[in-house]
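Asker: Quick one: the structure is below, and I'll ask about it shortly.
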Protein chains: 2
Amino acid sequence: MRGKISLLLISSALTLASTSLAGEGMWLPSQAPEIARQMQADGLKLDPNTLENLQSAPMNAIASLGGCSASFVSPQGLVVTNHHCVYGSIQYNSKPEKDYLKDGFLAATLADELQAAPGSRIFVIEDLRNVTAGVMEGASELAGKARFDKIEVNQKALIASCEKQPSRRCDVRAYYGGATYFLQQQLEIQDVRLVYVPAGSIGNFGGEIDNWQWPRHTGDFGFYRAYVGPDGASKPFAKENVPYKPKSWLKHAAKGVADGDFVMLAGFPGATDRYRTAAETSHFFTGVYPLQQKLLADYADQINAATEGDDKARIAYANALRGVDNFKKNLQGQLAGAEAIDLVAKKSAQEKEFRDWALAGSRKASMEPVIAALDATVAEANVARLVAIKYGLVNRGQLLAAARTLYRWTKERAKPDSEREPGFQDRDRRLVGERLTQLERRFDARVDRRLFDLALVQYRSLPPEAHNKGFDATLAKLGLDRLYADTSLGDTPARLAWLDKSAGDIEASNDPFLKLAVAMFYEDMTKENKTKDRDGRLQAARSAYTAAYIDFNKTRGRAVYPDANGSLRLTWGKVTGRKRDGMAYHPFTTAEGILEKYTGRDPFESPAKQLDLIRAKAYGAYKAPELGTLPVNFLSTVDITGGNSGSATLNAKGELVGLAFDGTIEGVISDWWFDDRLTRTIHVDARYMRWVMDKVDGAGHLLKEMEVAK
Amino acid sequence: MRGKISLLLISSALTLASTSLAGEGMWLPSQAPEIARQMQADGLKLDPNTLENLQSAPMNAIASLGGCSASFVSPQGLVVTNHHCVYGSIQYNSKPEKDYLKDGFLAATLADELQAAPGSRIFVIEDLRNVTAGVMEGASELAGKARFDKIEVNQKALIASCEKQPSRRCDVRAYYGGATYFLQQQLEIQDVRLVYVPAGSIGNFGGEIDNWQWPRHTGDFGFYRAYVGPDGASKPFAKENVPYKPKSWLKHAAKGVADGDFVMLAGFPGATDRYRTAAETSHFFTGVYPLQQKLLADYADQINAATEGDDKARIAYANALRGVDNFKKNLQGQLAGAEAIDLVAKKSAQEKEFRDWALAGSRKASMEPVIAALDATVAEANVARLVAIKYGLVNRGQLLAAARTLYRWTKERAKPDSEREPGFQDRDRRLVGERLTQLERRFDARVDRRLFDLALVQYRSLPPEAHNKGFDATLAKLGLDRLYADTSLGDTPARLAWLDKSAGDIEASNDPFLKLAVAMFYEDMTKENKTKDRDGRLQAARSAYTAAYIDFNKTRGRAVYPDANGSLRLTWGKVTGRKRDGMAYHPFTTAEGILEKYTGRDPFESPAKQLDLIRAKAYGAYKAPELGTLPVNFLSTVDITGGNSGSATLNAKGELVGLAFDGTIEGVISDWWFDDRLTRTIHVDARYMRWVMDKVDGAGHLLKEMEVAK
């Protein structure tokens with residue numbers, strides 16, 4: 001599922017922008033005027049300008065869960081998203097005697113709602129404003145690392161200023177390869193509660209087998225509620241907190257969607273790579289992805305071998321294994337898709353068309369050095385990327401990863417907050433602490449040692465200049481036996497305690513993993529500074545390149561949307577199946593398909609009550625008239641990626657008709673190239689959701705709260 | 001493709017028989033009267049009794065290639081089968097400067113036809129007669145190994161007597177778990193020539209990517225011609241040989257098939273396991289297949305690692321790797337299919353129904369000991385099977401495998417021919433020699449050593465009692481270095497020369513692999529005798545069990561067909577797509593689908609002429625009126641498995657309408673349980689074949705020879 005991969009696939013590279021095809025585009029809300037005419041031609045019934053305004057409906061009903069998208073659906077702060085987006089909170093509250101993952105959960109009253117998993121947040125979108133001038137102030141004339149550092153300092157200052165407002169979380173991201181920067185401001189709701197989820201056999205029907213597949217029959221929905229202090233201000237969990245009152249909320253459409261209907265959605269897509277150069281594209285598909293495939297396959301084998309016959313260890317690594325399987329499946333889809341559409345040739349042709357324009361006439365003088373600089377820096381970055389992937393494997397030793405984080409943390413803490421590396425500022429303390437805590441549930445010393453040992457095989461295959469000499473020397477001296485025997489980092493309080501100590505304390509420690517982290521530090525910093533220098537040069541070249549690319553498209557009357565980067569985006573398309581010679585995907589699946597797939601065993605089991613209702617065709621008013629039965633999931637051409645999971649699907653009037661939760665594997669290549677013949681997003685139909693709530697789970701009070709007429 | 005897996009999947013176990021569902025059944029031709037009424041109800045227009053007669057059309061037009069099925073299609077001995085069934089002969093005749101694999105091959109005249117690959121044979125079916133009495137003579141009262149041996153002696157005698165007729169190849173196989181034995185007699189055509197194959201981009205369009213997939217667009221057809229001496233007798237290749245005149249040949253149907261049409265086919269399915277007990281079924285799906293999956297995955301990894309950067313080695317092992325990939329894909333399909341249909345539960349329910357009947361009333365006294373004996377022997381065999389799989393891996397060392405064959409050969413040669421182990425008689429000399437020769441193209445000493453070394457890891461994981469002490473001691477003494485340095489078995493003439501020497505010569509040899517083979521021999525024989533004893537007990541229990549199962553079905557008015565075992569079978573069904581909620585497979589693909597898949601790169605490239613013709617829609621009379629275009633492949637419910645590749649697909653009047661060449665991956669579970677909702681056979685439409693011959697390849701003279709009206 002797309003949501004699951006969001007964090008794995010988010011790349012740190014600066015990304016670019018391009019033209020829009022039919023159905024294509026992850027648009028900034030501020031671009032609504034540019035795309036208004038096309039949206040209306042495709043069926044939009046709202047005034048397109050309302051989509052530009054983040055202070056009014058429907059856009060101010062959109063929220064983020066950090067990694068997933070969500071929406072407010074009642075004046076009482078009720079939030080709908082995917083089942084797989086609230087999975088952690090269901091798991092956190094489940095016990096053997098009350099297994100909500102299996103049975104689902106429904107709070108009868110506000111008082112019965114359950115605290116979400118620690119760290120759960122609802123971010124309410126408030127603003128997304130252009131801050132390019134502020135970010136580039138004093139940076140435009142700089143080069144390399146100086147440029148990189150100046151941009152970073154400016155970004156941190158803008159964020160700090162924004163976060164002076166209470167309970168706001170702000171970010172400043174690069175768009176169009178750094179030609180533009182936007183500041184995104186969100187209200188951070190800290191008290192999040194679990195309201196309702198269906199049984200796992202509905203919410204995750206089909207499981208891993210159906211993941212990325214059509215036909216699909218997954219009831220992938222769940223509800224949170226946002227709570228604030230009695231004064232309306234964001235507060236951590238407290239009994240006296242009250243439901244948050246959003247400025248607006250989405251209304252359920254009285255009529256569901258049908259084949260060919262206009263649909264749109266707003267959410268937080270994580271990362272796409274549509275505007276990389278042809279050389280970068282080729283590098284990913286011939287170098288990076290095949291390498292990652294191999295490393296992931298080895299890793300899965302190693303985890304399986306290391307945890308065989310050890311139930312506790314198997315459970316600890318089950319999540320890592322699921323992530324690996326999901327990423328492997330995605331990579332396989334990317335590689336097959338690139339082959340099917342001849343991606344590199346397409347990119348090359350597109351690039352040639354632009355460069356021919358850019359190097360013509362008076363543009364040549366300014367663009368020739370830009371292109372040369374970009375290509376040279378990209379080539380440099382490509383080489384470094386493969387090395388970095390293998391070097392990075394040493395962090396599969398989770399205690400080493402923790403030790404490296406702790407030492408860096410203490411080193412940064414010695415500086416004023418504004419001068420610290422992003423990710424190591426005071427504002428990051430909570431997240432760092434949570435990650436260091438989480439290790440305890442995903443770690444087994446015996447397994448970790450084996451995985452670390454095997455990661456070292458890859459590390460050792462690196463050329464000598466890519467090695468970390470401090471690491472090599474210290475590892476040789478300590479040896480794996482001592483590393484694992486003498487460390488106390490496996491103990492959570494002991495591990496967390498280092499967060500409040502100084503770098504000197506760590507340097508004086510006898511903990512072997514901390515010694516190893518200290519030994520690595522200075523060479524790692526040298527490497528990081530080289531990377532920053534390259535990133536500074538990349539930003540200079542790519543921002544100029546992309547600005548020209550936007551100009552080029554303007555001459556052809558085409559608007560350009562930026563690559564996904566985790567910020568709020570708008571996309572639209574239509575409900576439609578997919579035809580190939582000899583085969584057809586229908587746009588809708590139906591309740592009868594659940595019976596067709598039902599085996600009575602995970603992942604194809606269903607609650608008995610649901611089966612009875614389907615057998616009795618007790619669909620009431622939830623039937624789709626065109627289908628004569630209850631729709632379950634539907635396909636559309638809307639352009640999404642990981643991070644969009646949970647996005648409300650809206651009809652032409654901006655009313656709720658479903659939730660996006662996955663895409664088909666043939667279409668994942670859209671991360672690089674959107675082709676509406678291939679790419680389909682999978683949505684859960686809101687009629688199915690309401691039918692389950694009404695008939696299966698008796699959640700009528702929530703339907704009432706959402707003002708759904710019975 | 002199914003043909004590719006036939007040899008890998010043929011199991012040596014005795015198999016059983018059962019009842020028929022709609023579309024289900026691989027029937028003996030002699031059963032035609034039992035199924036006549038149903039075939040007619042389903043649309044057969046022929047007199048069903050003609051299907052019983054192997055001396056008349058259409059059955060005497062059916063031939064086997066050994067591993068593939070085929071048919072005569074002209075009075076001049078022209079034979080049609082799949083492209084992938086004549087692949088070896090195309091490869092054998094190809095050279096860099098005339099690459100028939102790539103470009104295809106068409107003989108303009110008889111004189112231009114090319115000798116097929118060494119060992120190619122066409123077996124013309126002549127008889128399939130019940131020889132149960134002869135096989136069981138003197139065996140019925142015996143038990144264990146004595147029973148096994150007596151049955152084997154009787155089988156060999158029957159075969160020897162049948163093969164006294166010149167140029168006949170005969171086999172005696174067990175049906176219904178040994179309740180029945182049939183002798184199959186075939187005329188062995190030794191002079192086989194390649195007549196015509198389309199370009200690889202037609203014959204193998206879609207390659208491994210489309211293997212086992214629908215929608216499909218593969219022109220999987222090719223033509224051989226059978227030659228005999230001027231006197232009409234079967235002769236090895238000679239210039240003066242003349243085309244063989246078959247007693248009958250298939251006619252092309254004037255009208256192609258349409259959705260819902262009756263189709264049937266006759267061919268040589270290799271092996272199915274539909275009548276194994278529930279305990280055996282569970283054993284395969286929880287033990288054997290997962291183990292094989294893991295071993296195959298390791299093997300593929302090892303081959304990839306060992307051949308990396310060595311083009312010669314990569315080519316030598318490419319075939320092994322393709323086989324592994326194909327088998328892995330099949331196993332994955334089997335496992336997913338078993339899960340989807342809940343195979344073990346279904347088998348258990350079916351078994352319970354029969355056993356309740358078998359243990360009721362007067363049957364109990366005789367059936368209780370039969371069931372107990374079967375279950376106990378099956379349990380014993382299950383344990384032995386897992387050990388045998390791991391033990392068998394030592395033969396991945398191809399030189400060791402060759403040495404073991406050679407030593408066994410010389411040991412058997414010391415006995416009178418009739419007393420030798422089947423597979424080591426004079427009649428087997430050609431095949432053994434061919435296999436020992438073939439090694440030269442599929443072997444690399446460095447790679448072999450590494451694979452052997454890694455196979456030993458599995459061997460060593462066996463419990464001590466499963467080890468071969470002679471092997472262990474000799475291997476320890478010789479060591480891998482000496483084994484590979486001092487052997488001369490890597491040299492083909494040296495290797496083959498041992499076939500004519502004595503066991504004493506081999507025992508006196510200093511070749512380390514021969515020493516190892518000698519050291520293994522006596523313990524292997526002890527093990528083999530134990531297996532034969534168990535197989536004797538299995539035959540006794542299973543034949544009685546199955547006879548009762550046939551009786552049980554008779555009481556319910558159901559005919560019972562035997563499991564596939566490589567002998568001639570008849571099956572019928574209908575042309576139909578496959579619908580699931582949210583998705584549909586159409587029964588036909590069309591020429592336009594080739595353009596849809598075309599990328600210009602293997603496996604989705606096409607001859608320019610073909611592309612032009614499709615773009616011009618130059619389909620002439622080959623169009624399907626219902627489709628308005630040229631059909632390429634179609635789906636049906638006919639019940640086939642590996643070995644059926646190349647089977648002519650016949651319409652209700654027994655006329656040629658296509659060739660079976662593959663099945664869909666969702667349906668491979670039909671090897672264990674036929675479900676016509678899941679299982680689809682993929683056929684190449686004869687209209688596409690003729691269009692390619694006529695318009696693309698200019699093979700009008702062959703169309704004329706087949707009496708196809710222009």
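Starting from 1 in every chain, residues are counted up; chains themselves are A, B, ... following the order of the structure tokens, and ligands are numbered from 1 as listed.
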Please return, as number ranges by chain, all residues of stretch 621-685 of chain B that DSSP assigns to strand (DSSP E) on the basis of the backbone.

Answerer: B: 631-636, 648-650, 656-663, 681-685

Asker: Counting only C-alpha atoms, which residues of chain B fall within 9 Å of chain A, and what is the closest atom pair for each with its distance in Å at one decimal, ordered by chain and rising number, as a Markdown table?

Answerer:
```
| residue | atom | partner | partner_atom | distance |
| --- | --- | --- | --- | --- |
| B:Trp214 | CA | A:Gly582 | CA | 7.5 |
| B:Pro215 | CA | A:Gly582 | CA | 5.2 |
| B:Arg216 | CA | A:Gly582 | CA | 7.7 |
| B:Glu339 | CA | A:Thr599 | CA | 8.3 |
| B:Ala340 | CA | A:Thr599 | CA | 6.8 |
| B:Ile341 | CA | A:Thr599 | CA | 7.2 |
| B:Asp342 | CA | A:Thr599 | CA | 6.9 |
| B:Gly577 | CA | A:Gly582 | CA | 8.8 |
| B:Arg580 | CA | A:Gly593 | CA | 7.3 |
| B:Asp581 | CA | A:Gly593 | CA | 4.9 |
| B:Gly582 | CA | A:Thr589 | CA | 4.5 |
| B:Met583 | CA | A:Tyr585 | CA | 4.5 |
| B:Ala584 | CA | A:Ala584 | CA | 5.3 |
| B:Tyr585 | CA | A:Met583 | CA | 4.5 |
| B:His586 | CA | A:Gly582 | CA | 4.8 |
| B:Pro587 | CA | A:Gly582 | CA | 6.9 |
| B:Phe588 | CA | A:Gly582 | CA | 5.8 |
| B:Thr589 | CA | A:Gly582 | CA | 4.5 |
| B:Thr590 | CA | A:Asp581 | CA | 6.7 |
| B:Ala591 | CA | A:Asp581 | CA | 8.8 |
| B:Glu592 | CA | A:Asp581 | CA | 7.2 |
| B:Gly593 | CA | A:Asp581 | CA | 4.9 |
| B:Ile594 | CA | A:Asp581 | CA | 8.6 |
| B:Glu596 | CA | A:Asp581 | CA | 7.6 |
| B:Lys597 | CA | A:Ala340 | CA | 7.8 |
| B:Tyr598 | CA | A:Ala340 | CA | 8.7 |
| B:Thr599 | CA | A:Ala340 | CA | 6.9 |
| B:Arg601 | CA | A:Glu339 | CA | 8.9 |
| B:Phe604 | CA | A:Ala340 | CA | 8.9 |
| B:Phe634 | CA | A:Gly582 | CA | 8.8 |
```

Asker: Take the residues just selected and output them with N, CA, C and O atoms as a short mmCIF file (atom, residue, chain, number, x, y, z; two decimals), in the first residue's frame.

Answerer:
```cif
data_model
loop_
_atom_site.label_atom_id
_atom_site.label_comp_id
_atom_site.auth_asym_id
_atom_site.auth_seq_id
_atom_site.Cartn_x
_atom_site.Cartn_y
_atom_site.Cartn_z
N TRP B 214 -2.01 -14.01 -19.01
CA TRP B 214 -2.99 -13.53 -19.96
C TRP B 214 -3.17 -12.06 -19.68
O TRP B 214 -3.11 -11.70 -18.51
N PRO B 215 -3.33 -11.18 -20.64
CA PRO B 215 -3.44 -11.42 -22.09
C PRO B 215 -2.11 -11.82 -22.73
O PRO B 215 -1.06 -11.35 -22.32
N ARG B 216 -2.22 -12.65 -23.76
CA ARG B 216 -1.06 -13.25 -24.40
C ARG B 216 -1.12 -13.07 -25.91
O ARG B 216 -2.23 -13.07 -26.47
N GLU B 339 -3.74 -22.14 -1.61
CA GLU B 339 -4.28 -21.23 -0.59
C GLU B 339 -5.63 -20.69 -1.06
O GLU B 339 -6.60 -20.67 -0.30
N ALA B 340 -5.71 -20.29 -2.31
CA ALA B 340 -6.95 -19.66 -2.82
C ALA B 340 -8.13 -20.62 -2.78
O ALA B 340 -9.25 -20.21 -2.49
N ILE B 341 -7.88 -21.90 -3.08
CA ILE B 341 -9.03 -22.83 -3.11
C ILE B 341 -9.11 -23.66 -1.84
O ILE B 341 -9.99 -24.51 -1.72
N ASP B 342 -8.21 -23.44 -0.88
CA ASP B 342 -8.18 -24.23 0.36
C ASP B 342 -8.06 -25.71 0.01
O ASP B 342 -8.87 -26.55 0.45
N GLY B 577 -13.62 -16.84 -21.64
CA GLY B 577 -12.76 -15.96 -20.87
C GLY B 577 -12.85 -16.30 -19.39
O GLY B 577 -13.19 -17.43 -19.02
N ARG B 580 -13.91 -12.14 -12.99
CA ARG B 580 -13.89 -12.00 -11.54
C ARG B 580 -14.52 -10.66 -11.27
O ARG B 580 -14.53 -9.78 -12.14
N ASP B 581 -14.99 -10.49 -10.07
CA ASP B 581 -15.56 -9.19 -9.72
C ASP B 581 -14.50 -8.12 -9.96
O ASP B 581 -13.40 -8.19 -9.41
N GLY B 582 -14.82 -7.14 -10.80
CA GLY B 582 -13.89 -6.03 -11.04
C GLY B 582 -12.92 -6.26 -12.18
O GLY B 582 -12.10 -5.40 -12.48
N MET B 583 -13.00 -7.42 -12.84
CA MET B 583 -12.01 -7.73 -13.87
C MET B 583 -12.55 -8.78 -14.82
O MET B 583 -13.35 -9.60 -14.43
N ALA B 584 -12.10 -8.75 -16.06
CA ALA B 584 -12.49 -9.79 -17.00
C ALA B 584 -11.34 -10.11 -17.94
O ALA B 584 -10.67 -9.20 -18.43
N TYR B 585 -11.08 -11.42 -18.13
CA TYR B 585 -10.24 -11.86 -19.23
C TYR B 585 -11.17 -12.12 -20.39
O TYR B 585 -12.10 -12.91 -20.27
N HIS B 586 -10.95 -11.47 -21.53
CA HIS B 586 -11.70 -11.80 -22.73
C HIS B 586 -11.14 -13.11 -23.30
O HIS B 586 -9.97 -13.40 -23.10
N PRO B 587 -11.98 -13.88 -24.00
CA PRO B 587 -11.46 -15.17 -24.49
C PRO B 587 -10.42 -15.03 -25.61
O PRO B 587 -9.64 -15.93 -25.81
N PHE B 588 -10.41 -13.90 -26.31
CA PHE B 588 -9.48 -13.74 -27.42
C PHE B 588 -8.58 -12.51 -27.24
O PHE B 588 -9.03 -11.48 -26.74
N THR B 589 -7.34 -12.63 -27.68
CA THR B 589 -6.54 -11.43 -27.91
C THR B 589 -6.48 -11.21 -29.41
O THR B 589 -6.77 -12.12 -30.20
N THR B 590 -6.08 -10.01 -29.79
CA THR B 590 -6.11 -9.66 -31.22
C THR B 590 -4.77 -9.04 -31.65
O THR B 590 -3.96 -8.66 -30.81
N ALA B 591 -4.62 -8.93 -32.94
CA ALA B 591 -3.36 -8.41 -33.49
C ALA B 591 -3.07 -7.00 -32.98
O ALA B 591 -1.90 -6.63 -32.80
N GLU B 592 -4.12 -6.24 -32.69
CA GLU B 592 -3.91 -4.87 -32.19
C GLU B 592 -3.17 -4.91 -30.84
O GLU B 592 -2.45 -3.98 -30.48
N GLY B 593 -3.37 -5.99 -30.09
CA GLY B 593 -2.68 -6.13 -28.80
C GLY B 593 -1.17 -6.25 -28.96
O GLY B 593 -0.41 -5.94 -28.04
N ILE B 594 -0.73 -6.73 -30.11
CA ILE B 594 0.72 -6.81 -30.36
C ILE B 594 1.29 -5.40 -30.42
O ILE B 594 2.32 -5.10 -29.82
N GLU B 596 0.01 -2.85 -28.99
CA GLU B 596 -0.13 -2.30 -27.63
C GLU B 596 1.07 -2.68 -26.77
O GLU B 596 1.55 -1.88 -25.97
N LYS B 597 1.55 -3.91 -26.94
CA LYS B 597 2.68 -4.39 -26.12
C LYS B 597 4.04 -4.04 -26.72
O LYS B 597 5.05 -4.06 -26.01
N TYR B 598 4.05 -3.76 -28.01
CA TYR B 598 5.31 -3.55 -28.72
C TYR B 598 6.16 -2.45 -28.09
O TYR B 598 5.67 -1.35 -27.84
N THR B 599 7.43 -2.77 -27.82
CA THR B 599 8.36 -1.75 -27.32
C THR B 599 9.56 -1.63 -28.24
O THR B 599 10.37 -0.71 -28.09
N ARG B 601 11.87 -3.74 -28.13
CA ARG B 601 12.96 -4.43 -27.43
C ARG B 601 12.45 -5.80 -26.97
O ARG B 601 11.30 -5.95 -26.59
N PHE B 604 9.38 -7.80 -26.43
CA PHE B 604 8.22 -7.17 -27.07
C PHE B 604 8.60 -6.47 -28.37
O PHE B 604 8.34 -5.29 -28.55
N PHE B 634 -6.28 -17.62 -27.73
CA PHE B 634 -7.57 -17.71 -27.05
C PHE B 634 -7.48 -18.61 -25.83
O PHE B 634 -6.54 -19.38 -25.66
#
```

Asker: I'd like the contact shell of A:Pro198 - 12 Å cut-off, only C-alpha atoms, skipping same-chain residues fewer than 6 positions apart - returned as a VMD selection string.

Answerer: chain A and resid 82 to 84 86 to 87 90 99 to 107 204 to 205 218 to 223 606 to 607 610 688 to 699

Asker: Would you list the contacts of B:Gln438 as a PyMOL selection string, taking every protein, DNA or RNA residue within 12 Å and counting only C-alpha atoms, but skipping same-chain residues closer than 2 positions in sequence?

Answerer: chain B and resi 88+117-119+316+319+398+402+431-436+440-443+490-493+495-496

Asker: For A:Pro246, which residue among A:Phe72, A:Trp212, A:Tyr181, A:Tyr299 is the nearest when counting only C-alpha atoms?

Answerer: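 Smallest separation from A:Pro246 among the options: A:Phe72.
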
Asker: Have a look at atom CA of A:Thr629 and atom CA of A:Trp572 and let me know their distance in Å, one decimal.

Answerer: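 It comes out at 26.2 Å.
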
Asker: Which residues are near A:Ser502? Cut-off 10 Å, only C-alpha atoms, ignore same chain within fewer than 4 positions. Put them as number ranges by chain.

Answerer: A: 406-407, 409-414, 498, 506-508

Asker: Can I get the selected residues back with all heavy atoms, as a CSV table (one decimal), in the first residue's frame?

Answerer:
```csv
chain,number,residue,atom,x,y,z
A,406,LEU,N,23.1,9.4,18.8
A,406,LEU,CA,23.3,10.0,20.1
A,406,LEU,C,24.5,10.9,20.1
A,406,LEU,O,24.5,12.0,20.6
A,406,LEU,CB,23.5,8.8,21.2
A,406,LEU,CG,22.2,8.1,21.5
A,406,LEU,CD1,22.6,6.8,22.3
A,406,LEU,CD2,21.3,9.0,22.3
A,407,TYR,N,25.6,10.4,19.5
A,407,TYR,CA,26.8,11.2,19.5
A,407,TYR,C,26.6,12.5,18.7
A,407,TYR,O,27.0,13.6,19.1
A,407,TYR,CB,28.0,10.4,19.0
A,407,TYR,CG,29.3,11.2,19.1
A,407,TYR,CD1,29.7,11.7,20.3
A,407,TYR,CD2,30.1,11.4,18.0
A,407,TYR,CE1,30.9,12.3,20.5
A,407,TYR,CE2,31.4,12.0,18.1
A,407,TYR,CZ,31.7,12.5,19.4
A,407,TYR,OH,32.9,13.2,19.5
A,409,TRP,N,23.8,14.0,18.2
A,409,TRP,CA,22.9,14.8,19.0
A,409,TRP,C,23.7,15.6,20.1
A,409,TRP,O,23.5,16.8,20.2
A,409,TRP,CB,21.9,13.8,19.7
A,409,TRP,CG,20.9,14.6,20.6
A,409,TRP,CD1,20.9,14.7,21.9
A,409,TRP,CD2,19.7,15.3,20.1
A,409,TRP,NE1,19.8,15.5,22.3
A,409,TRP,CE2,19.1,15.9,21.2
A,409,TRP,CE3,19.2,15.6,18.8
A,409,TRP,CZ2,17.9,16.6,21.1
A,409,TRP,CZ3,18.0,16.3,18.7
A,409,TRP,CH2,17.4,16.8,19.9
A,410,THR,N,24.6,14.9,20.8
A,410,THR,CA,25.3,15.7,21.8
A,410,THR,C,26.2,16.7,21.2
A,410,THR,O,26.4,17.8,21.7
A,410,THR,CB,26.1,14.7,22.7
A,410,THR,OG1,27.0,14.0,21.9
A,410,THR,CG2,25.2,13.8,23.4
A,411,LYS,N,26.8,16.4,20.0
A,411,LYS,CA,27.7,17.3,19.3
A,411,LYS,C,26.9,18.6,18.9
A,411,LYS,O,27.4,19.7,19.1
A,411,LYS,CB,28.3,16.7,18.1
A,411,LYS,CG,29.3,15.6,18.4
A,411,LYS,CD,30.6,16.1,19.0
A,411,LYS,CE,31.6,16.6,18.0
A,411,LYS,NZ,32.9,16.9,18.6
A,412,GLU,N,25.7,18.4,18.4
A,412,GLU,CA,24.9,19.5,17.9
A,412,GLU,C,24.4,20.3,19.1
A,412,GLU,O,24.3,21.5,19.0
A,412,GLU,CB,23.7,19.0,17.1
A,412,GLU,CG,24.1,18.3,15.8
A,412,GLU,CD,24.8,19.2,14.7
A,412,GLU,OE1,24.6,20.4,14.8
A,412,GLU,OE2,25.5,18.7,13.9
A,413,ARG,N,24.1,19.6,20.2
A,413,ARG,CA,23.5,20.3,21.4
A,413,ARG,C,24.5,21.3,21.9
A,413,ARG,O,24.1,22.3,22.6
A,413,ARG,CB,23.2,19.3,22.5
A,413,ARG,CG,21.8,18.7,22.3
A,413,ARG,CD,21.0,18.8,23.6
A,413,ARG,NE,21.9,18.3,24.7
A,413,ARG,CZ,21.6,18.5,26.0
A,413,ARG,NH1,20.5,19.2,26.3
A,413,ARG,NH2,22.3,18.0,26.9
A,414,ALA,N,25.8,21.1,21.6
A,414,ALA,CA,26.8,22.1,22.2
A,414,ALA,C,26.6,23.5,21.5
A,414,ALA,O,27.2,24.5,21.9
A,414,ALA,CB,28.2,21.5,22.0
A,498,TRP,N,21.5,9.1,27.4
A,498,TRP,CA,22.6,9.8,26.7
A,498,TRP,C,22.2,11.1,26.0
A,498,TRP,O,23.0,12.0,25.7
A,498,TRP,CB,23.3,8.9,25.6
A,498,TRP,CG,24.1,7.8,26.3
A,498,TRP,CD1,23.8,6.5,26.4
A,498,TRP,CD2,25.4,7.9,26.9
A,498,TRP,NE1,24.7,5.7,27.0
A,498,TRP,CE2,25.7,6.6,27.4
A,498,TRP,CE3,26.2,9.0,27.1
A,498,TRP,CZ2,27.0,6.4,28.0
A,498,TRP,CZ3,27.4,8.8,27.8
A,498,TRP,CH2,27.8,7.5,28.2
A,506,ILE,N,30.1,11.1,26.2
A,506,ILE,CA,30.1,10.0,25.2
A,506,ILE,C,31.6,9.6,24.9
A,506,ILE,O,31.9,8.4,24.8
A,506,ILE,CB,29.3,10.3,24.0
A,506,ILE,CG1,27.8,10.3,24.4
A,506,ILE,CG2,29.6,9.3,22.9
A,506,ILE,CD1,26.8,10.4,23.3
A,507,GLU,N,32.4,10.6,24.6
A,507,GLU,CA,33.8,10.3,24.3
A,507,GLU,C,34.5,9.6,25.4
A,507,GLU,O,35.4,8.8,25.2
A,507,GLU,CB,34.5,11.6,23.9
A,507,GLU,CG,34.1,12.1,22.5
A,507,GLU,CD,34.2,13.6,22.4
A,507,GLU,OE1,34.9,14.3,23.3
A,507,GLU,OE2,33.6,14.2,21.5
A,508,ALA,N,34.1,9.8,26.7
A,508,ALA,CA,34.7,9.2,27.8
A,508,ALA,C,34.1,7.8,28.1
A,508,ALA,O,34.6,7.0,28.9
A,508,ALA,CB,34.6,10.1,29.0
```
